[in-house]
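Q: Please find structure-v4.cif (mmCIF, N, CA and C atoms) on the next line:
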```cif
data_work
#
loop_
_atom_site.label_atom_id
_atom_site.label_comp_id
_atom_site.auth_asym_id
_atom_site.auth_seq_id
_atom_site.Cartn_x
_atom_site.Cartn_y
_atom_site.Cartn_z
N MET J 1043 0.83 -1.20 0.00
CA MET J 1043 0.00 0.00 0.00
C MET J 1043 0.86 1.25 0.00
N PHE J 1044 1.92 1.24 0.84
CA PHE J 1044 2.78 2.42 0.93
C PHE J 1044 3.54 2.65 -0.38
N ASN J 1045 4.04 1.54 -0.99
CA ASN J 1045 4.78 1.69 -2.24
C ASN J 1045 3.87 2.21 -3.35
N GLN J 1046 2.61 1.75 -3.38
CA GLN J 1046 1.68 2.22 -4.41
C GLN J 1046 1.41 3.72 -4.23
N LYS J 1047 1.29 4.15 -2.99
CA LYS J 1047 1.04 5.56 -2.73
C LYS J 1047 2.22 6.41 -3.18
N ARG J 1048 3.42 5.93 -2.91
CA ARG J 1048 4.62 6.66 -3.32
C ARG J 1048 4.71 6.72 -4.84
N MET J 1049 4.31 5.64 -5.53
CA MET J 1049 4.38 5.61 -6.99
C MET J 1049 3.41 6.63 -7.58
N ILE J 1050 2.23 6.76 -7.00
CA ILE J 1050 1.25 7.73 -7.48
C ILE J 1050 1.80 9.15 -7.31
N ILE J 1051 2.44 9.41 -6.18
CA ILE J 1051 3.02 10.73 -5.93
C ILE J 1051 4.12 11.00 -6.96
N GLY J 1052 4.94 10.00 -7.25
CA GLY J 1052 6.01 10.17 -8.24
C GLY J 1052 5.46 10.46 -9.62
N GLU J 1053 4.40 9.73 -10.02
CA GLU J 1053 3.80 9.96 -11.34
C GLU J 1053 3.20 11.35 -11.41
N THR J 1054 2.56 11.79 -10.34
CA THR J 1054 1.97 13.13 -10.32
C THR J 1054 3.07 14.19 -10.44
N ALA J 1055 4.17 13.98 -9.74
CA ALA J 1055 5.28 14.94 -9.81
C ALA J 1055 5.85 15.01 -11.22
N LEU J 1056 5.96 13.83 -11.89
CA LEU J 1056 6.48 13.82 -13.26
C LEU J 1056 5.53 14.54 -14.20
N MET J 1057 4.23 14.39 -13.99
CA MET J 1057 3.25 15.06 -14.85
C MET J 1057 3.29 16.57 -14.63
N LEU J 1058 3.52 16.99 -13.38
CA LEU J 1058 3.51 18.43 -13.07
C LEU J 1058 4.84 19.10 -13.36
N SER J 1059 5.93 18.34 -13.45
CA SER J 1059 7.25 18.96 -13.61
C SER J 1059 7.34 19.86 -14.83
N PRO J 1060 6.78 19.53 -15.99
CA PRO J 1060 6.85 20.47 -17.13
C PRO J 1060 6.16 21.79 -16.82
N VAL J 1061 5.19 21.78 -15.91
CA VAL J 1061 4.49 23.02 -15.54
C VAL J 1061 5.27 23.76 -14.46
N LEU J 1062 5.82 23.01 -13.51
CA LEU J 1062 6.48 23.65 -12.36
C LEU J 1062 7.87 24.17 -12.70
N LEU J 1063 8.62 23.44 -13.53
CA LEU J 1063 10.00 23.85 -13.80
C LEU J 1063 10.10 25.23 -14.42
N PRO J 1064 9.35 25.57 -15.48
CA PRO J 1064 9.46 26.93 -16.03
C PRO J 1064 9.08 27.99 -15.00
N THR J 1065 8.12 27.67 -14.13
CA THR J 1065 7.71 28.64 -13.10
C THR J 1065 8.85 28.88 -12.12
N ILE J 1066 9.52 27.82 -11.70
CA ILE J 1066 10.64 27.96 -10.76
C ILE J 1066 11.78 28.73 -11.41
N VAL J 1067 12.08 28.42 -12.68
CA VAL J 1067 13.18 29.09 -13.37
C VAL J 1067 12.86 30.57 -13.53
N SER J 1068 11.63 30.90 -13.92
CA SER J 1068 11.29 32.30 -14.16
C SER J 1068 11.33 33.10 -12.86
N THR J 1069 10.89 32.51 -11.76
CA THR J 1069 10.92 33.23 -10.49
C THR J 1069 12.36 33.46 -10.05
N GLN J 1070 13.25 32.49 -10.31
CA GLN J 1070 14.67 32.68 -9.96
C GLN J 1070 15.28 33.79 -10.80
N GLN J 1071 14.90 33.87 -12.08
CA GLN J 1071 15.45 34.91 -12.95
C GLN J 1071 14.98 36.29 -12.48
N VAL J 1072 13.71 36.39 -12.12
CA VAL J 1072 13.18 37.67 -11.62
C VAL J 1072 13.90 38.06 -10.33
N TYR J 1073 14.11 37.09 -9.43
CA TYR J 1073 14.79 37.35 -8.17
C TYR J 1073 16.22 37.83 -8.42
N ALA J 1074 16.91 37.19 -9.35
CA ALA J 1074 18.29 37.58 -9.67
C ALA J 1074 18.31 38.97 -10.29
N ALA J 1075 17.34 39.27 -11.15
CA ALA J 1075 17.29 40.59 -11.79
C ALA J 1075 17.07 41.68 -10.74
N GLU J 1076 16.22 41.41 -9.77
CA GLU J 1076 15.97 42.40 -8.71
C GLU J 1076 17.23 42.62 -7.88
N ASN J 1077 17.96 41.56 -7.60
CA ASN J 1077 19.20 41.70 -6.83
C ASN J 1077 20.23 42.50 -7.61
N ASN J 1078 20.30 42.31 -8.91
CA ASN J 1078 21.29 43.04 -9.72
C ASN J 1078 20.94 44.53 -9.75
N GLU J 1079 19.66 44.86 -9.76
CA GLU J 1079 19.27 46.26 -9.82
C GLU J 1079 19.61 47.00 -8.53
N THR J 1080 19.49 46.32 -7.41
CA THR J 1080 19.71 46.99 -6.12
C THR J 1080 21.20 47.22 -5.85
N GLN J 1081 22.05 46.42 -6.48
CA GLN J 1081 23.49 46.54 -6.22
C GLN J 1081 24.09 47.75 -6.94
#
```
Can you turn what I pasted into structure tokens?
A:
Amino acid sequence: MFNQKRMIIGETALMLSPVLLPTIVSTQQVYAAENNETQ
């Protein structure tokens, strides 16, 4: 039961990764741009 639950979580993460990765990258770029402006 526990292994099946973990597998479902892994499959969900793989399905969401194409959506989440660009969001994470874009937020990091915005954060870096803001830091460069303040310096």
Q: For a test of reading the model, state the distance in Å between atom CA of J:Val1061 and atom C of J:Glu1079, rounded to one decimal.
A: 29.2 Å
Q: Would you work out the distance separating atom C of J:Gln1046 from atom CA of J:Leu1063, expressed in Å to one decimal?
A: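 Computed distance, atom C of J:Gln1046 to atom CA of J:Leu1063, equals 23.9 Å.
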Q: What is the atom CA of J:Phe1044-atom CA of J:Leu1058 distance in Å, reported with one decimal?
A: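 Atom-to-atom, atom CA of J:Phe1044 to atom CA of J:Leu1058, that is 21.3 Å.
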